[in-house]
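Q: First the structure, which I've put down as structure tokens, then a few questions once you've had a look.
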Amino acid sequence: MIKAIFWDNDGVLVDTEELYYRATRDVLEDVGIDLTPQQYAELFLVNSIGAWHLVAERGHSVAEVQRLRELRNTRYGEMLDSPCPVMEGVTTMLDALHGHYVMGIVTSSRRDHFDIIHRTTGLLPYFDFVLTADDCTCTKPHPELYLKAVEKSGMHPDECIAVEDSARGLSAATAAGIKCVVVPTPLTEHSDFAGAHKVITHISDLRALLPGG
């Protein structure tokens with residue numbers, strides 16, 4: 001019996017993953033690196049290693065890599081300053097599930113970026129708790145955030161389910177003993193989701209996987 005639902009943020013609740021890609025791509029272009037969507041998906045959303053090693057491999061100093069990373073974070077924050085679109089069908093689904101399950105957001109996003117994103121979404125009242133990169137030592141695909149989510153929910157892992165859009169999120173959830181439903185985005189649709197409880201095409205399909213659905 002599922003009693004708790006843990007939601008990834010970027011690419012699941014809000015349409016921000018493309019913005020993060022663009023911010024990273026634009027900064028890397030400044031040093032002559034062309035980061036394709038496929039490379040981004042593999043480096044960030046599957047292997048979770050980022051792309052800064054590509055800068056170092058071109059002979060740039062540690063200080064320059066750090067400068068570019070900070071510049072990317074600034075540009076991403078500026079992009080988020082406009083209202084962030086909620087993924088299609090999410091509000092309707094949260095309306096239907098609210099009050100029937102313990103629900104939390106479990107994201108590798110920085111808290112400052114997360115707060116900017118949700119200034120205008122209206123989604124936070126649906127959730128009992130939020131865990132971000134600021135709440136852990138190791139982000140996804142490490143299971144730490146999901147282990148903390150299980151603890152906060154007060155449930156057993158078997159009573160929880162995660163909703164993710166990426167292979168690294170799937171790895172984090174399953175490593176914590178949690179079933180994971182994957183809703184791929186255009187950036188992640190070609191990833192390997194072996195081990196997922198279910199891969200669905202739209203968030204509205206989640207309802208059929210829950211008790212009484």
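Naming scheme: A, B, ... for chains in displayed order of the structure tokens; residues 1 onward per chain; ligands 1 onward as shown.
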Quick one: DSSP alpha helix (DSSP H) residues in region 1-145 of chain A, as an NGL selection string?
A: :A and (17-29 or 37-40 or 52-56 or 62-80 or 90-97 or 111-117 or 144-145)
Q: Taking only C-alpha atoms into account, produce a table as JSON lines in which each residue of region 6-102 of chain A with an atom at most 10 Å from an atom of region 106-127 of chain A appears once, together with its shortest atom pair and the distance in Å to one decimal, ordered by chain and rising number.
A:
```
{"residue": "A:Phe6", "atom": "CA", "partner": "A:Val106", "partner_atom": "CA", "distance": 6.2}
{"residue": "A:Trp7", "atom": "CA", "partner": "A:Val106", "partner_atom": "CA", "distance": 5.8}
{"residue": "A:Asp8", "atom": "CA", "partner": "A:Val106", "partner_atom": "CA", "distance": 5.2}
{"residue": "A:Asn9", "atom": "CA", "partner": "A:Thr107", "partner_atom": "CA", "distance": 5.6}
{"residue": "A:Asp10", "atom": "CA", "partner": "A:Thr107", "partner_atom": "CA", "distance": 7.6}
{"residue": "A:Leu13", "atom": "CA", "partner": "A:Leu123", "partner_atom": "CA", "distance": 8.5}
{"residue": "A:Val14", "atom": "CA", "partner": "A:Ile117", "partner_atom": "CA", "distance": 8.1}
{"residue": "A:Asp15", "atom": "CA", "partner": "A:Ile117", "partner_atom": "CA", "distance": 9.9}
{"residue": "A:Thr16", "atom": "CA", "partner": "A:Ile117", "partner_atom": "CA", "distance": 8.4}
{"residue": "A:Asn73", "atom": "CA", "partner": "A:His113", "partner_atom": "CA", "distance": 8.7}
{"residue": "A:Thr74", "atom": "CA", "partner": "A:His113", "partner_atom": "CA", "distance": 9.7}
{"residue": "A:Tyr76", "atom": "CA", "partner": "A:His113", "partner_atom": "CA", "distance": 8.2}
{"residue": "A:Gly77", "atom": "CA", "partner": "A:His113", "partner_atom": "CA", "distance": 6.2}
{"residue": "A:Glu78", "atom": "CA", "partner": "A:Ile116", "partner_atom": "CA", "distance": 9.5}
{"residue": "A:Met79", "atom": "CA", "partner": "A:Ile117", "partner_atom": "CA", "distance": 9.8}
{"residue": "A:Leu80", "atom": "CA", "partner": "A:Ile117", "partner_atom": "CA", "distance": 6.0}
{"residue": "A:Asp81", "atom": "CA", "partner": "A:Ile116", "partner_atom": "CA", "distance": 6.7}
{"residue": "A:Ser82", "atom": "CA", "partner": "A:Ile117", "partner_atom": "CA", "distance": 8.6}
{"residue": "A:Pro83", "atom": "CA", "partner": "A:Thr120", "partner_atom": "CA", "distance": 6.0}
{"residue": "A:Cys84", "atom": "CA", "partner": "A:Ile117", "partner_atom": "CA", "distance": 6.0}
{"residue": "A:Pro85", "atom": "CA", "partner": "A:Thr121", "partner_atom": "CA", "distance": 7.4}
{"residue": "A:Val86", "atom": "CA", "partner": "A:Thr121", "partner_atom": "CA", "distance": 6.5}
{"residue": "A:Val90", "atom": "CA", "partner": "A:Leu123", "partner_atom": "CA", "distance": 9.1}
{"residue": "A:Thr91", "atom": "CA", "partner": "A:Leu123", "partner_atom": "CA", "distance": 7.4}
{"residue": "A:Leu94", "atom": "CA", "partner": "A:Tyr126", "partner_atom": "CA", "distance": 6.7}
{"residue": "A:Asp95", "atom": "CA", "partner": "A:Tyr126", "partner_atom": "CA", "distance": 7.8}
{"residue": "A:Leu97", "atom": "CA", "partner": "A:Tyr126", "partner_atom": "CA", "distance": 8.8}
{"residue": "A:His98", "atom": "CA", "partner": "A:Tyr126", "partner_atom": "CA", "distance": 6.0}
{"residue": "A:Gly99", "atom": "CA", "partner": "A:Tyr126", "partner_atom": "CA", "distance": 8.4}
{"residue": "A:Tyr101", "atom": "CA", "partner": "A:Phe127", "partner_atom": "CA", "distance": 9.6}
{"residue": "A:Val102", "atom": "CA", "partner": "A:Phe127", "partner_atom": "CA", "distance": 7.6}
```
Q: Pull C-alpha atoms from the residues just selected and write them as a PDB file, in the first residue's frame.
A:
```
ATOM      1  CA  PHE A   6       8.142  11.820  -3.333  1.00  0.00           C
ATOM      2  CA  TRP A   7       8.404  14.167  -6.303  1.00  0.00           C
ATOM      3  CA  ASP A   8      11.466  15.312  -8.180  1.00  0.00           C
ATOM      4  CA  ASN A   9      11.291  19.001  -9.030  1.00  0.00           C
ATOM      5  CA  ASP A  10      13.000  19.933 -12.301  1.00  0.00           C
ATOM      6  CA  LEU A  13       6.893  19.472 -11.352  1.00  0.00           C
ATOM      7  CA  VAL A  14       8.325  22.412 -13.278  1.00  0.00           C
ATOM      8  CA  ASP A  15       9.708  22.814 -16.790  1.00  0.00           C
ATOM      9  CA  THR A  16      13.165  24.094 -15.832  1.00  0.00           C
ATOM     10  CA  ASN A  73      24.519  29.551 -11.616  1.00  0.00           C
ATOM     11  CA  THR A  74      24.001  33.306 -11.956  1.00  0.00           C
ATOM     12  CA  TYR A  76      20.334  30.175 -14.465  1.00  0.00           C
ATOM     13  CA  GLY A  77      19.027  32.237 -11.553  1.00  0.00           C
ATOM     14  CA  GLU A  78      18.339  35.118 -13.940  1.00  0.00           C
ATOM     15  CA  MET A  79      16.424  32.791 -16.269  1.00  0.00           C
ATOM     16  CA  LEU A  80      14.321  31.604 -13.341  1.00  0.00           C
ATOM     17  CA  ASP A  81      13.346  35.169 -12.500  1.00  0.00           C
ATOM     18  CA  SER A  82      10.508  34.900 -15.004  1.00  0.00           C
ATOM     19  CA  PRO A  83       7.562  32.735 -13.881  1.00  0.00           C
ATOM     20  CA  CYS A  84       8.504  29.064 -14.302  1.00  0.00           C
ATOM     21  CA  PRO A  85       5.950  26.943 -16.134  1.00  0.00           C
ATOM     22  CA  VAL A  86       4.413  24.066 -14.193  1.00  0.00           C
ATOM     23  CA  VAL A  90       0.793  18.437 -12.486  1.00  0.00           C
ATOM     24  CA  THR A  91      -1.600  20.776 -10.671  1.00  0.00           C
ATOM     25  CA  LEU A  94      -1.624  17.190  -7.026  1.00  0.00           C
ATOM     26  CA  ASP A  95      -5.204  18.351  -6.417  1.00  0.00           C
ATOM     27  CA  LEU A  97      -3.651  13.329  -4.409  1.00  0.00           C
ATOM     28  CA  HIS A  98      -3.405  16.043  -1.759  1.00  0.00           C
ATOM     29  CA  GLY A  99      -4.607  14.862   1.633  1.00  0.00           C
ATOM     30  CA  TYR A 101      -0.752  10.732   0.765  1.00  0.00           C
ATOM     31  CA  VAL A 102       2.232  12.185   2.542  1.00  0.00           C
TER      32      VAL A 102
END
```
Q: Calculate how many Å separate CA of Leu206 (chain A) from CA of Ile161 (chain A), rounding to one decimal.
A: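 CA of Leu206 (chain A) sits 10.5 Å away from CA of Ile161 (chain A).
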Q: Sort by chain and increasing residue number a table of all residues of region 119-209 of chain A within 12 Å of region 36-57 of chain A, each with its closest pair of atoms and their distance in Å to one decimal, counting only C-alpha atoms, and write it as JSON lines.
A:
```
{"residue": "A:Cys138", "atom": "CA", "partner": "A:Ser48", "partner_atom": "CA", "distance": 11.1}
{"residue": "A:Thr139", "atom": "CA", "partner": "A:Ser48", "partner_atom": "CA", "distance": 9.0}
{"residue": "A:Lys140", "atom": "CA", "partner": "A:Ser48", "partner_atom": "CA", "distance": 7.4}
{"residue": "A:Pro141", "atom": "CA", "partner": "A:Ser48", "partner_atom": "CA", "distance": 7.0}
{"residue": "A:His142", "atom": "CA", "partner": "A:Ser48", "partner_atom": "CA", "distance": 9.8}
{"residue": "A:Glu164", "atom": "CA", "partner": "A:Leu45", "partner_atom": "CA", "distance": 10.9}
{"residue": "A:Asp165", "atom": "CA", "partner": "A:Leu45", "partner_atom": "CA", "distance": 8.8}
{"residue": "A:Ser166", "atom": "CA", "partner": "A:Leu45", "partner_atom": "CA", "distance": 5.6}
{"residue": "A:Ala167", "atom": "CA", "partner": "A:Val46", "partner_atom": "CA", "distance": 5.0}
{"residue": "A:Arg168", "atom": "CA", "partner": "A:Val46", "partner_atom": "CA", "distance": 5.0}
{"residue": "A:Gly169", "atom": "CA", "partner": "A:Leu45", "partner_atom": "CA", "distance": 7.9}
{"residue": "A:Leu170", "atom": "CA", "partner": "A:Val46", "partner_atom": "CA", "distance": 9.4}
{"residue": "A:Ser171", "atom": "CA", "partner": "A:Val46", "partner_atom": "CA", "distance": 9.0}
{"residue": "A:Ala172", "atom": "CA", "partner": "A:Val46", "partner_atom": "CA", "distance": 11.0}
{"residue": "A:Pro184", "atom": "CA", "partner": "A:Leu45", "partner_atom": "CA", "distance": 11.1}
{"residue": "A:Thr185", "atom": "CA", "partner": "A:Ala41", "partner_atom": "CA", "distance": 10.4}
{"residue": "A:Pro186", "atom": "CA", "partner": "A:Pro37", "partner_atom": "CA", "distance": 9.3}
{"residue": "A:Leu187", "atom": "CA", "partner": "A:Ala41", "partner_atom": "CA", "distance": 6.0}
{"residue": "A:Thr188", "atom": "CA", "partner": "A:Ala41", "partner_atom": "CA", "distance": 6.2}
{"residue": "A:Glu189", "atom": "CA", "partner": "A:Ala41", "partner_atom": "CA", "distance": 9.4}
{"residue": "A:His190", "atom": "CA", "partner": "A:Gln38", "partner_atom": "CA", "distance": 8.9}
{"residue": "A:Ser191", "atom": "CA", "partner": "A:Val46", "partner_atom": "CA", "distance": 7.3}
{"residue": "A:Asp192", "atom": "CA", "partner": "A:Val46", "partner_atom": "CA", "distance": 8.6}
{"residue": "A:Phe193", "atom": "CA", "partner": "A:Val46", "partner_atom": "CA", "distance": 9.9}
```
Q: Using only C-alpha atoms, which residues sit within 6 Å of region 154-159 of chain A once same-chain residues fewer than 5 positions away are excluded, as a PyMOL selection string?
A: chain A and resi 1-3+177-178
Q: Those residues with N, CA, C and O atoms, as a compact mmCIF listing (two decimals), in the first residue's frame please?
A:
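This is the output file part-v6.txt:
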```txt
# COMPACT_ATOMS: atom_id res chain seq x y z
N MET A 1 0.85 -1.20 0.00
CA MET A 1 0.00 0.00 0.00
C MET A 1 0.88 1.24 0.00
O MET A 1 1.71 1.43 0.90
N ILE A 2 0.73 2.08 -0.99
CA ILE A 2 1.52 3.31 -1.07
C ILE A 2 0.88 4.38 -0.18
O ILE A 2 -0.31 4.66 -0.28
N LYS A 3 1.70 4.96 0.71
CA LYS A 3 1.22 5.99 1.63
C LYS A 3 1.95 7.32 1.46
O LYS A 3 1.51 8.33 1.99
N GLY A 177 15.63 1.91 -1.77
CA GLY A 177 14.60 0.90 -1.59
C GLY A 177 13.20 1.36 -1.93
O GLY A 177 12.22 0.76 -1.48
N ILE A 178 13.11 2.41 -2.76
CA ILE A 178 11.81 3.00 -3.10
C ILE A 178 11.46 2.68 -4.55
O ILE A 178 12.31 2.82 -5.44
```
Q: Looking at A:Val181, A:Ile105, A:Ser204, A:Leu147, which one is nearest to Asp128 (chain A), with distances taken over only C-alpha atoms?
A: A:Ile105
